[in-house]
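**Q** Sharing model_11.txt (compact mmCIF, C-alpha atoms and all ligand atoms) below.
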```
# COMPACT_ATOMS: atom_id res chain seq x y z
CA MET A 280 15.73 -6.75 -56.77
CA SER A 281 18.79 -4.99 -58.10
CA ILE A 282 19.93 -1.67 -56.78
CA ASP A 283 20.93 -0.72 -60.29
CA ASP A 284 21.35 -2.51 -63.59
CA ASP A 285 24.95 -3.51 -62.91
CA VAL A 286 24.44 -4.86 -59.41
CA LEU A 287 22.58 -8.09 -58.79
CA SER A 288 21.18 -9.77 -55.71
CA VAL A 289 21.84 -13.45 -54.89
CA GLU A 290 18.32 -14.30 -56.11
CA GLU A 291 18.97 -12.64 -59.47
CA VAL A 292 22.30 -14.42 -59.80
CA ALA A 293 20.55 -17.73 -59.10
CA VAL A 294 18.04 -17.00 -61.88
CA ALA A 295 20.79 -15.90 -64.28
CA LEU A 296 22.80 -19.07 -63.65
CA GLY A 297 19.77 -21.34 -63.57
CA VAL A 298 20.68 -22.70 -60.14
CA HIS A 299 18.96 -22.88 -56.78
CA TYR A 300 19.22 -19.82 -54.52
CA MET A 301 21.30 -21.81 -52.00
CA THR A 302 23.78 -22.84 -54.69
CA ALA A 303 24.28 -19.21 -55.69
CA TYR A 304 24.61 -18.28 -52.03
CA ARG A 305 27.28 -20.97 -51.60
CA TYR A 306 29.28 -19.53 -54.54
CA VAL A 307 29.26 -16.21 -52.69
CA LYS A 308 30.12 -17.71 -49.28
CA ARG A 309 32.97 -19.76 -50.78
CA ARG A 310 34.11 -16.59 -52.50
CA ALA A 311 34.06 -18.34 -55.83
CA LEU A 312 31.88 -15.40 -56.86
CA GLU A 313 32.96 -11.90 -55.85
CA ALA A 314 30.32 -10.08 -53.80
CA THR A 315 30.07 -7.30 -51.28
CA GLN A 316 27.69 -6.99 -48.38
CA VAL A 317 25.77 -3.74 -48.11
CA GLU A 318 23.43 -3.35 -45.15
CA GLY A 319 23.23 -7.11 -44.74
CA GLN A 320 22.47 -7.78 -48.43
CA TRP A 321 24.90 -9.43 -50.84
CA GLN A 322 25.51 -7.44 -54.03
CA ILE A 323 27.19 -8.94 -57.08
CA ARG A 324 28.47 -6.81 -59.95
CA ARG A 325 27.39 -8.01 -63.38
CA SER A 326 31.04 -7.96 -64.53
CA ASP A 327 31.96 -10.29 -61.63
CA LEU A 328 29.14 -12.63 -62.56
CA GLU A 329 30.43 -12.69 -66.15
CA ALA A 330 33.97 -13.39 -64.93
CA PHE A 331 32.63 -16.21 -62.75
CA VAL A 332 30.70 -17.73 -65.67
CA SER A 333 33.71 -17.69 -67.97
CA SER A 334 36.11 -19.06 -65.35
CA ARG A 335 33.58 -21.79 -64.55
CA SER A 336 33.37 -22.80 -68.22
CA GLU A 337 37.16 -22.81 -68.39
CA ARG A 338 37.38 -24.99 -65.27
CA ARG A 339 34.82 -27.39 -66.70
CA ALA A 340 36.69 -27.61 -69.99
CA LYS A 341 39.98 -28.34 -68.21
CA ALA A 342 38.29 -30.81 -65.89
CA GLN A 343 37.21 -32.85 -68.90
CA GLY A 344 40.89 -33.50 -69.65
CA SER A 345 41.94 -34.51 -66.17
CA PRO A 346 38.91 -34.58 -63.90
CA ASP A 347 40.30 -35.90 -60.66
CA SER A 348 43.55 -34.00 -60.30
CA ARG A 349 42.00 -30.76 -61.50
CA ARG A 350 39.06 -30.93 -59.12
CA THR A 351 41.16 -32.09 -56.18
CA ALA A 352 43.57 -29.18 -56.66
CA ASP A 353 40.66 -26.72 -56.66
CA TYR A 354 39.25 -28.19 -53.46
CA HIS A 355 42.68 -28.07 -51.81
CA SER A 356 43.19 -24.38 -52.36
CA GLU A 357 39.64 -23.47 -51.38
CA LEU A 358 39.68 -25.65 -48.29
CA HIS A 359 43.10 -24.36 -47.28
CA ARG A 360 41.81 -20.80 -47.40
CA CYS A 361 38.69 -21.68 -45.39
CA LEU A 362 40.67 -23.50 -42.68
CA VAL A 363 43.27 -20.75 -42.36
CA GLU A 364 40.49 -18.15 -42.16
CA SER A 365 38.57 -20.37 -39.74
CA ASP A 366 35.44 -20.31 -41.90
CA ALA A 367 33.77 -23.57 -40.86
CA ASN A 368 30.61 -23.17 -42.93
CA ALA A 369 32.46 -22.40 -46.14
CA ALA A 370 34.88 -25.28 -45.43
CA PHE A 371 31.93 -27.64 -45.11
CA GLU A 372 30.53 -26.35 -48.41
CA VAL A 373 33.83 -27.10 -50.17
CA LEU A 374 33.72 -30.70 -48.98
CA ARG A 375 30.02 -30.96 -49.76
CA SER A 376 30.61 -29.82 -53.31
CA ALA A 377 33.38 -32.41 -53.64
CA ILE A 378 30.91 -35.06 -52.46
CA ASP A 379 28.22 -33.71 -54.79
CA SER A 380 30.69 -34.04 -57.65
CA GLY A 381 31.22 -37.70 -56.86
CA ALA A 382 34.05 -37.81 -54.31
CA GLY A 383 33.71 -40.66 -51.80
CA MET A 384 34.43 -40.24 -48.09
CA GLU A 385 37.80 -41.95 -48.47
CA GLU A 386 38.81 -39.39 -51.08
CA VAL A 387 37.43 -36.51 -48.99
CA TYR A 388 39.42 -37.52 -45.89
CA LEU A 389 42.59 -38.86 -47.47
CA ASP A 390 43.00 -36.88 -50.68
CA ILE A 391 41.45 -33.53 -49.74
CA LEU A 392 41.30 -32.85 -45.98
CA SER A 393 44.49 -34.66 -44.83
CA PRO A 394 46.83 -33.06 -47.43
CA VAL A 395 45.47 -29.62 -46.53
CA LEU A 396 46.14 -30.28 -42.83
CA ALA A 397 49.63 -31.49 -43.71
CA GLN A 398 50.19 -28.28 -45.70
CA ILE A 399 49.08 -26.19 -42.71
CA GLY A 400 51.35 -28.22 -40.39
CA ALA A 401 54.28 -27.70 -42.77
CA SER A 402 53.64 -23.92 -42.92
CA TRP A 403 53.65 -23.85 -39.14
CA ALA A 404 56.89 -25.90 -38.98
CA ARG A 405 58.55 -23.42 -41.40
CA GLY A 406 57.42 -20.51 -39.22
CA GLU A 407 55.13 -19.10 -41.92
CA ILE A 408 51.99 -19.19 -39.82
CA ASP A 409 51.42 -18.75 -36.12
CA ILE A 410 50.46 -21.76 -34.01
CA SER A 411 47.11 -20.08 -33.29
CA VAL A 412 46.23 -20.39 -37.00
CA GLU A 413 46.99 -24.10 -36.90
CA HIS A 414 44.86 -24.49 -33.76
CA ARG A 415 41.95 -22.64 -35.36
CA ALA A 416 42.25 -24.70 -38.52
CA THR A 417 42.29 -27.87 -36.43
CA ALA A 418 39.16 -26.80 -34.60
CA VAL A 419 37.38 -26.33 -37.94
CA ALA A 420 38.70 -29.68 -39.23
CA THR A 421 37.42 -31.37 -36.06
CA ARG A 422 33.96 -29.92 -36.67
CA LEU A 423 34.08 -31.07 -40.29
CA VAL A 424 34.90 -34.64 -39.31
CA GLY A 425 32.08 -34.53 -36.75
CA GLN A 426 29.65 -33.42 -39.46
CA LEU A 427 30.91 -35.92 -42.02
CA SER A 428 31.18 -39.01 -39.87
CA GLN A 429 27.46 -39.70 -40.18
CA ARG A 430 28.20 -40.40 -43.87
CA CYS A 431 30.53 -43.22 -42.82
CA VAL A 432 27.87 -45.44 -41.31
CA ARG A 433 27.55 -48.67 -43.25
CA ARG A 434 24.45 -50.73 -42.84
CA GLY A 435 24.41 -54.48 -43.19
CA ARG A 436 26.96 -57.08 -42.22
CA HIS A 437 29.24 -56.36 -39.28
CA ARG A 438 32.64 -57.85 -39.90
CA GLY A 439 34.01 -57.63 -36.36
CA ASN A 440 35.46 -55.14 -33.93
CA VAL A 441 38.60 -53.09 -34.16
CA LEU A 442 40.05 -51.16 -31.24
CA ILE A 443 42.05 -48.02 -31.98
CA GLY A 444 43.67 -45.33 -29.85
CA GLY A 445 46.79 -43.30 -29.21
CA PRO A 446 49.33 -43.88 -26.42
CA ALA A 447 49.66 -41.65 -23.36
CA GLY A 448 50.97 -38.22 -24.33
CA GLU A 449 49.80 -38.41 -27.94
CA ARG A 450 47.47 -35.52 -28.73
CA HIS A 451 46.60 -36.14 -32.37
CA SER A 452 43.06 -37.48 -32.03
CA LEU A 453 41.80 -36.20 -35.38
CA ALA A 454 43.80 -38.86 -37.22
CA LEU A 455 42.02 -41.49 -35.12
CA ALA A 456 38.60 -39.99 -35.80
CA MET A 457 39.17 -40.14 -39.56
CA LEU A 458 40.72 -43.59 -39.38
CA GLY A 459 37.74 -44.87 -37.36
CA ASP A 460 35.26 -43.47 -39.87
CA LEU A 461 37.06 -45.11 -42.79
CA LEU A 462 37.19 -48.49 -41.08
CA ARG A 463 33.45 -48.20 -40.33
CA LEU A 464 32.82 -47.51 -44.00
CA HIS A 465 34.41 -50.89 -44.69
CA GLY A 466 32.03 -52.68 -42.33
CA TRP A 467 34.12 -52.78 -39.13
CA ASP A 468 32.74 -51.78 -35.75
CA VAL A 469 35.28 -49.43 -34.28
CA SER A 470 35.97 -48.58 -30.66
CA ASP A 471 38.06 -45.42 -30.70
CA LEU A 472 39.73 -44.72 -27.36
CA GLY A 473 40.97 -41.39 -28.68
CA ALA A 474 44.47 -40.01 -28.26
CA ASP A 475 46.40 -39.91 -24.97
CA THR A 476 45.00 -43.18 -23.63
CA PRO A 477 46.69 -44.88 -20.65
CA ALA A 478 47.92 -48.43 -21.27
CA ASN A 479 45.54 -49.93 -18.70
CA SER A 480 42.53 -48.49 -20.57
CA PHE A 481 43.75 -50.22 -23.74
CA VAL A 482 44.09 -53.47 -21.79
CA HIS A 483 40.62 -53.12 -20.29
CA ALA A 484 39.02 -52.38 -23.65
CA ALA A 485 40.91 -55.14 -25.48
CA SER A 486 39.81 -57.60 -22.81
CA SER A 487 36.16 -56.69 -22.85
CA ILE A 488 35.19 -56.35 -26.51
CA ASN A 489 33.66 -59.36 -28.20
CA ASN A 490 34.85 -60.51 -31.59
CA LEU A 491 37.81 -58.16 -31.48
CA VAL A 492 39.93 -58.77 -34.57
CA ALA A 493 42.76 -56.26 -34.18
CA VAL A 494 44.13 -53.38 -32.14
CA GLY A 495 45.59 -50.31 -33.87
CA VAL A 496 47.90 -47.96 -32.01
CA SER A 497 48.26 -44.56 -33.62
CA VAL A 498 51.40 -42.45 -33.26
CA THR A 499 51.62 -39.08 -34.97
CA SER A 500 54.14 -37.28 -32.80
CA ASP A 501 57.74 -38.39 -32.26
CA GLU A 502 57.20 -37.30 -28.66
CA SER A 503 54.98 -40.32 -28.00
CA LEU A 504 57.17 -43.04 -29.51
CA ALA A 505 58.52 -44.11 -26.09
CA SER A 506 55.06 -44.33 -24.55
CA ALA A 507 53.88 -46.30 -27.60
CA ALA A 508 56.63 -48.85 -26.92
CA GLU A 509 55.55 -49.09 -23.26
CA LEU A 510 51.92 -49.50 -24.28
CA LEU A 511 52.75 -52.28 -26.73
CA SER A 512 54.69 -54.23 -24.15
CA THR A 513 51.95 -53.80 -21.50
CA LEU A 514 49.29 -54.86 -23.98
CA ARG A 515 51.20 -57.89 -25.11
CA ARG A 516 51.80 -59.04 -21.53
CA ALA A 517 48.12 -58.60 -20.67
CA ILE A 518 46.35 -59.98 -23.74
CA GLY A 519 48.71 -62.70 -24.94
CA ASP A 520 50.09 -62.96 -28.44
CA GLU A 521 47.16 -64.00 -30.60
CA LEU A 522 45.44 -60.71 -31.21
CA PRO A 523 47.20 -58.72 -33.95
CA VAL A 524 48.43 -55.34 -32.72
CA LEU A 525 49.34 -52.85 -35.44
CA LEU A 526 51.35 -49.73 -35.06
CA GLY A 527 50.75 -46.95 -37.54
CA GLY A 528 50.33 -43.21 -37.95
CA SER A 529 52.59 -40.66 -39.53
CA ALA A 530 55.41 -40.97 -36.94
CA ILE A 531 55.95 -44.65 -37.78
CA ARG A 532 58.27 -44.95 -40.76
CA ASP A 533 58.03 -48.59 -41.77
CA VAL A 534 57.64 -52.15 -40.55
CA ALA A 535 61.18 -52.23 -39.08
CA HIS A 536 60.44 -49.08 -37.08
CA ALA A 537 57.14 -50.56 -35.85
CA ARG A 538 58.82 -53.82 -34.84
CA SER A 539 61.64 -51.99 -33.03
CA LEU A 540 58.91 -50.48 -30.83
CA GLY A 541 57.40 -53.89 -30.10
CA ALA A 542 54.54 -54.07 -32.61
CA ASP A 543 53.97 -57.23 -34.59
CA HIS A 544 52.38 -55.46 -37.55
CA PHE A 545 52.59 -52.19 -39.41
CA ALA A 546 50.33 -50.76 -42.08
CA GLN A 547 50.78 -47.69 -44.23
CA GLY A 548 48.00 -45.18 -43.65
CA ALA A 549 44.29 -45.84 -43.39
CA ARG A 550 44.23 -47.67 -46.73
CA GLY A 551 46.95 -50.00 -45.46
CA PHE A 552 44.91 -50.69 -42.31
CA ILE A 553 41.86 -51.51 -44.42
CA GLU A 554 43.88 -53.92 -46.58
CA PHE A 555 45.36 -55.54 -43.47
CA LEU A 556 41.89 -56.17 -42.03
CA ASP A 557 40.59 -57.44 -45.36
CA ALA A 558 43.38 -60.01 -45.35
CA LEU A 559 42.37 -61.35 -41.93
CA LYS A 560 40.30 -64.47 -42.00
CA THR A 561 37.49 -63.21 -39.80
CA THR A 562 34.72 -65.32 -38.39
CA SER A 563 31.75 -65.83 -40.65
CA ALA A 564 29.44 -64.96 -37.72
CA THR A 565 28.03 -61.49 -38.06
CA PRO A 566 27.36 -60.20 -34.59
CA SER A 567 25.03 -57.29 -34.19
CA LYS A 568 26.37 -54.02 -32.89
CA ASP A 569 24.87 -54.82 -29.48
CA SER A 570 26.45 -58.22 -29.10
CA ALA A 571 29.75 -56.76 -30.29
CA ALA A 572 29.72 -54.37 -27.37
CA THR A 573 28.84 -57.00 -24.73
CA PRO A 574 31.64 -57.10 -22.14
CA LYS A 575 33.40 -60.35 -21.47
CA SER A 576 35.70 -61.44 -18.68
CA GLY A 577 38.98 -62.30 -20.37
CA PRO A 578 40.98 -61.31 -23.44
CA LYS A 579 39.41 -62.30 -26.73
CA LYS A 580 41.10 -64.76 -29.01
CA ALA A 581 42.12 -63.25 -32.28
CA PRO A 582 41.46 -65.06 -35.55
CA LYS A 583 44.09 -67.73 -36.11
CA LYS A 584 45.16 -66.56 -39.53
CA LYS A 585 47.20 -63.39 -39.69
CA PRO A 586 48.45 -61.63 -42.79
CA ALA A 587 51.86 -62.73 -44.05
CA ALA A 588 55.00 -61.32 -42.48
CA GLY A 589 55.51 -58.39 -44.87
CA ASP A 590 52.08 -56.96 -44.00
CA THR A 591 51.08 -53.96 -46.00
CA ASP A 592 54.26 -51.92 -45.81
C1 LIG A 601 46.23 -31.02 -36.23
C2 LIG A 601 47.65 -31.13 -35.72
C3 LIG A 601 47.87 -30.95 -34.36
C4 LIG A 601 46.74 -30.70 -33.37
C5 LIG A 601 46.09 -32.07 -33.05
C6 LIG A 601 44.62 -31.91 -32.67
C7 LIG A 601 43.87 -33.18 -32.75
N1 LIG A 601 42.81 -33.19 -31.99
O1 LIG A 601 44.20 -34.12 -33.45
C8 LIG A 601 47.52 -30.06 -32.18
C9 LIG A 601 47.51 -28.57 -32.40
C10 LIG A 601 46.99 -30.39 -30.79
C11 LIG A 601 48.91 -30.59 -32.44
C12 LIG A 601 49.88 -30.66 -31.47
C13 LIG A 601 51.20 -30.98 -31.71
N2 LIG A 601 51.74 -31.26 -32.91
CO1 LIG A 601 50.69 -31.51 -34.52
N3 LIG A 601 49.92 -31.54 -36.22
C14 LIG A 601 48.70 -31.43 -36.61
C15 LIG A 601 48.62 -31.55 -38.14
C16 LIG A 601 48.49 -30.14 -38.71
C17 LIG A 601 47.49 -32.42 -38.70
C18 LIG A 601 47.42 -33.83 -38.10
C19 LIG A 601 46.26 -34.57 -38.69
O2 LIG A 601 45.21 -34.71 -38.08
N4 LIG A 601 46.40 -35.05 -39.95
C20 LIG A 601 45.35 -35.73 -40.66
C21 LIG A 601 45.42 -37.22 -40.42
C22 LIG A 601 44.18 -37.89 -40.94
O3 LIG A 601 46.51 -37.74 -41.13
P1 LIG A 601 47.56 -38.71 -40.44
O4 LIG A 601 47.98 -38.11 -39.15
O5 LIG A 601 48.61 -39.07 -41.38
O6 LIG A 601 46.68 -40.00 -40.10
C23 LIG A 601 46.36 -40.96 -41.09
C24 LIG A 601 47.34 -42.11 -41.20
O7 LIG A 601 48.60 -41.82 -40.63
C25 LIG A 601 46.65 -43.28 -40.63
N5 LIG A 601 46.85 -43.69 -39.27
C26 LIG A 601 46.76 -42.93 -38.16
N6 LIG A 601 46.90 -43.70 -37.10
C27 LIG A 601 47.07 -44.96 -37.50
C28 LIG A 601 47.25 -46.16 -36.79
C29 LIG A 601 47.41 -47.34 -37.48
C30 LIG A 601 47.60 -48.60 -36.72
C31 LIG A 601 47.42 -47.35 -38.90
C32 LIG A 601 47.62 -48.61 -39.64
C33 LIG A 601 47.22 -46.15 -39.61
C34 LIG A 601 47.05 -44.98 -38.90
O8 LIG A 601 45.27 -43.01 -40.75
C35 LIG A 601 45.04 -41.62 -40.73
C36 LIG A 601 43.94 -41.36 -41.74
O9 LIG A 601 44.47 -41.59 -43.01
C37 LIG A 601 49.99 -32.20 -38.45
C38 LIG A 601 50.51 -31.94 -39.86
C39 LIG A 601 50.57 -33.24 -40.66
N7 LIG A 601 51.57 -33.41 -41.49
O10 LIG A 601 49.75 -34.10 -40.54
C40 LIG A 601 50.87 -31.69 -37.30
C41 LIG A 601 52.03 -32.54 -36.83
C42 LIG A 601 51.62 -33.99 -36.80
N8 LIG A 601 52.23 -32.05 -35.46
C43 LIG A 601 53.48 -31.98 -35.13
C44 LIG A 601 53.96 -31.53 -33.88
C45 LIG A 601 55.47 -31.37 -33.77
C46 LIG A 601 53.10 -31.25 -32.82
C47 LIG A 601 53.50 -30.79 -31.41
C48 LIG A 601 54.66 -31.57 -30.82
C49 LIG A 601 53.77 -29.29 -31.50
C50 LIG A 601 54.19 -28.67 -30.19
N9 LIG A 601 55.47 -28.47 -30.05
O11 LIG A 601 53.36 -28.38 -29.37
C51 LIG A 601 52.18 -30.93 -30.61
C52 LIG A 601 51.99 -32.05 -29.63
C53 LIG A 601 52.18 -33.45 -30.07
C54 LIG A 601 51.80 -34.56 -29.15
N10 LIG A 601 52.46 -34.78 -28.02
O12 LIG A 601 50.94 -35.30 -29.50
C55 LIG A 601 54.38 -32.48 -36.25
C56 LIG A 601 54.86 -33.90 -35.95
C57 LIG A 601 56.30 -34.11 -36.27
C58 LIG A 601 56.72 -35.41 -35.66
N11 LIG A 601 56.86 -36.45 -36.47
O13 LIG A 601 56.85 -35.50 -34.46
C59 LIG A 601 53.44 -32.31 -37.50
C60 LIG A 601 53.73 -33.30 -38.64
C61 LIG A 601 53.58 -30.85 -37.99
C62 LIG A 601 54.91 -30.62 -38.68
N12 LIG A 601 54.93 -30.52 -39.97
O14 LIG A 601 55.93 -30.54 -38.06
N13 LIG A 601 49.08 -30.95 -33.74
```
Could you show the structure in this file as structure tokens?
**A**
Amino acid sequence: MSIDDDVLSVEEVAVALGVHYMTAYRYVKRRALEATQVEGQWQIRRSDLEAFVSSRSERRAKAQGSPDSRRTADYHSELHRCLVESDANAAFEVLRSAIDSGAGMEEVYLDILSPVLAQIGASWARGEIDISVEHRATAVATRLVGQLSQRCVRRGRHRGNVLIGGPAGERHSLALAMLGDLLRLHGWDVSDLGADTPANSFVHAASSINNLVAVGVSVTSDESLASAAELLSTLRRAIGDELPVLLGGSAIRDVAHARSLGADHFAQGARGFIEFLDALKTTSATPSKDSAATPKSGPKKAPKKKPAAGDTD
């Protein structure tokens, strides 16, 4: 019930807009619709509702011209605000509305969440925001990925196993979590060792996973380039030279850089990794998740055919 004619409750806004109560509530929480809280109740001025309606029609009209870029830009600015303000629920709503409007998980991770994180990292590097803001934003992003990863489960054929992780000293585990989800979406079973993994754990995992088709080493920080090189040489000595080992992540510039650190392959970003795996001639057998996880005594043979020398760089 309204307090007066010019102030509406969330329920009344929902009726006026012809949407569900929760949708109206999300507009308020995302601050797309101006509202104030009085004694625990949201109040929306009629003039703010009118402004919201006309800006929404304007956005829709513009979106018809250039749907993807327009919508993505809106999500960026809203998500950026939510991460900087550490508002996890509102951040989740932004991504949920992107999904509701047709964005796939690849788009959500790579075209919405990652660029916003990069923007926050750049603001920190320029001294515009305190490191605590970046840490808080990262904590929210970590929760988001945790909530969203259940949408990256693909039923049906299992194409094989992929082992990913970061070398000792590398702390950027979020990149691995997103990468793992995206590979799963494409039908791969992923063992993610996380960041900061000792070389002997990589060796143990690579030696004990059945139907392992590739190992991906992720380097985001320049600080862990040396330990990545050590890891690659230890891995190669221990597992032989058949299993493809890729180096990637935002600290690896190109294939020459990857090779100078001892990797035999490089791929650009998660999409590059997916293309690399697609190009592998994997076994036609489709092991179940359980058999894929069965330990085995020695290193697994990789598929004979590898992508051509240029890889996906
Ligand atoms: C979040 C974050 C952190 C968090 C990490 C928390 C966590 N659990 O992950 C914390 C706060 C701990 C952190 C710490 C540091 N960070 Co930091 N961080 C970031 C930030 C903001 C986002 C990183 C992220 O998750 N991006 C999203 C992911 C999905 O994108 P991505 O990394 O590109 O990963 C994708 C691809 O590269 C690819 N990929 C990843 N791995 C692999 C592997 C293979 C094989 C392949 C094919 C593909 C692939 O798939 C991913 C999905 O698309 C970035 C900013 C930025 N530009 O990204 C800075 C950034 C990476 N950090 C930076 C720095 C400097 C640091 C610190 C050194 C700061 C300090 N002095 O303490 C430390 C410690 C670094 C260390 N030793 O590891 C710099 C790195 C510069 C550099 N090249 O070295 C950046 C770029 C910030 C900046 N603009 O300067 N950081």
**Q** For ligand LIG 601 (chain A), return the neighbouring residues as a count of residues only (distance at most 6 Å; all atoms listed in the file).
**A** 38
**Q** Residues near A:Val482, anyone? I mean within 10 Å using only C-alpha atoms, not counting same-chain ones fewer than 6 positions away, as a PyMOL selection string.
**A** chain A and resi 510+513-518+578
**Q** With distances taken over all atoms listed in the file, which residue among A:Asp520, A:Asp557, A:Glu509, A:Glu372 lies nearest A:Ala447?
**A**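 Of A:Asp520, A:Asp557, A:Glu509, A:Glu372, the one nearest A:Ala447, counting all atoms listed in the file, is A:Glu509.
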**Q** Residues at most 7 Å from stretch 532-541 of chain A, counting all atoms listed in the file, excluding those fewer than 5 positions away in the same chain, as a PyMOL selection string?
**A** chain A and resi 508+511-512+526+592
**Q** Just how far from atom CA of A:Leu296 is atom CA of A:Leu374, in Å to one decimal?
**A**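 Answer for the atom CA of A:Leu374 to atom CA of A:Leu296 separation: 21.7 Å.
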**Q** Quick one: residues within 10 Å of stretch 421-428 of chain A, all atoms listed in the file, excluding same-chain residues fewer than 3 positions away - as a list in words?
**A**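 These residues fall inside the cut-off: Ala367, Asn368, Ala370, Phe371, Leu374, Arg375, Met384, Val387, Tyr388, Leu392, Arg415, Ala416, Thr417, Ala418, Cys431, Val432, Ser452, Leu453, Ala454, Ala456, Met457, Gly459, Asp460, Leu461, Arg463 and Leu464 of chain A.
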**Q** Please compute the atom CA of A:Leu442-atom CA of A:Gly466 distance, one decimal, in Å.
**A**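 A separation of 13.8 Å between them.
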**Q** Measure the distance from atom CA of A:Arg325 to atom CA of A:Val373 in Å and round it to one decimal.
**A**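 A separation of 24.1 Å between them.
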**Q** Would you please work out which residue, of A:Ile391, A:Ala369, A:Val286, A:Val294, is nearest to A:Ala311 when using all atoms listed in the file?
**A**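 Among the listed residues, the smallest separation from A:Ala311 belongs to A:Ala369.
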**Q** Ranking A:Ser480, A:Ser356, A:Ser487, A:Val307 by minimum distance to A:Gly444 and counting all atoms listed in the file, which one comes first?
**A** A:Ser480
**Q** Of the residues A:Leu312, A:Leu504, A:Val317, A:Asp409, which is the one nearest to A:Ala330, using only C-alpha atoms?
**A**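 Among A:Leu312, A:Leu504, A:Val317, A:Asp409, it is A:Leu312 that comes nearest to A:Ala330.
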**Q** Which is closest to A:His544 among A:Gly406, A:Ala505, A:Gly519, A:Val494, if we use all atoms listed in the file?
**A**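 Result for the nearest residue to A:His544: A:Val494.
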**Q** Ranking A:Ala377, A:Ala382, A:Ala420, A:Val292 by minimum distance to A:Leu362 and counting only C-alpha atoms, which one comes first?
**A**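 Selected residue with least distance to A:Leu362: A:Ala420.
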**Q** With all atoms listed in the file as the counted atoms, please give the residues lying no more than 12 Å from A:Thr315, apart from itself and same-chain residues fewer than 2 positions off, as a PyMOL selection string.
**A** chain A and resi 286-289+307-308+310+312-313+317-324+327
**Q** Grab stretch 378-420 of chain A from that structure and dump C-alpha atoms to a file, as a short mmCIF file (atom, residue, chain, number, x, y, z; two decimals), in the first residue's frame.
**A**
```cif
data_model
loop_
_atom_site.label_atom_id
_atom_site.label_comp_id
_atom_site.auth_asym_id
_atom_site.auth_seq_id
_atom_site.Cartn_x
_atom_site.Cartn_y
_atom_site.Cartn_z
CA ILE A 378 21.59 -15.03 -18.94
CA ASP A 379 17.83 -14.42 -19.00
CA SER A 380 18.36 -12.17 -22.01
CA GLY A 381 20.12 -14.96 -23.86
CA ALA A 382 23.80 -14.67 -22.92
CA GLY A 383 25.59 -18.03 -22.77
CA MET A 384 28.07 -18.93 -20.02
CA GLU A 385 31.00 -18.30 -22.35
CA GLU A 386 29.76 -14.76 -22.95
CA VAL A 387 29.07 -14.22 -19.25
CA TYR A 388 32.58 -15.27 -18.20
CA LEU A 389 34.62 -13.96 -21.12
CA ASP A 390 32.72 -10.90 -22.34
CA ILE A 391 31.15 -9.62 -19.12
CA LEU A 392 32.89 -10.80 -15.92
CA SER A 393 36.53 -10.98 -17.15
CA PRO A 394 36.61 -7.48 -18.73
CA VAL A 395 35.14 -6.01 -15.54
CA LEU A 396 37.84 -7.74 -13.46
CA ALA A 397 40.48 -6.45 -15.88
CA GLN A 398 39.05 -2.94 -15.50
CA ILE A 399 39.25 -3.23 -11.70
CA GLY A 400 42.84 -4.56 -11.94
CA ALA A 401 43.78 -1.64 -14.21
CA SER A 402 42.24 0.90 -11.78
CA TRP A 403 44.28 -0.66 -8.99
CA ALA A 404 47.48 -0.58 -11.11
CA ARG A 405 46.89 3.15 -11.81
CA GLY A 406 46.43 3.80 -8.09
CA GLU A 407 42.79 4.82 -8.50
CA ILE A 408 41.41 2.24 -6.10
CA ASP A 409 42.84 0.68 -2.97
CA ILE A 410 43.96 -2.94 -3.03
CA SER A 411 41.23 -3.73 -0.48
CA VAL A 412 38.60 -2.83 -3.10
CA GLU A 413 40.18 -5.24 -5.56
CA HIS A 414 40.27 -7.97 -2.90
CA ARG A 415 36.60 -7.41 -2.05
CA ALA A 416 35.64 -7.44 -5.72
CA THR A 417 37.60 -10.66 -6.18
CA ALA A 418 35.80 -12.27 -3.26
CA VAL A 419 32.45 -11.41 -4.87
CA ALA A 420 33.65 -12.67 -8.28
#
```
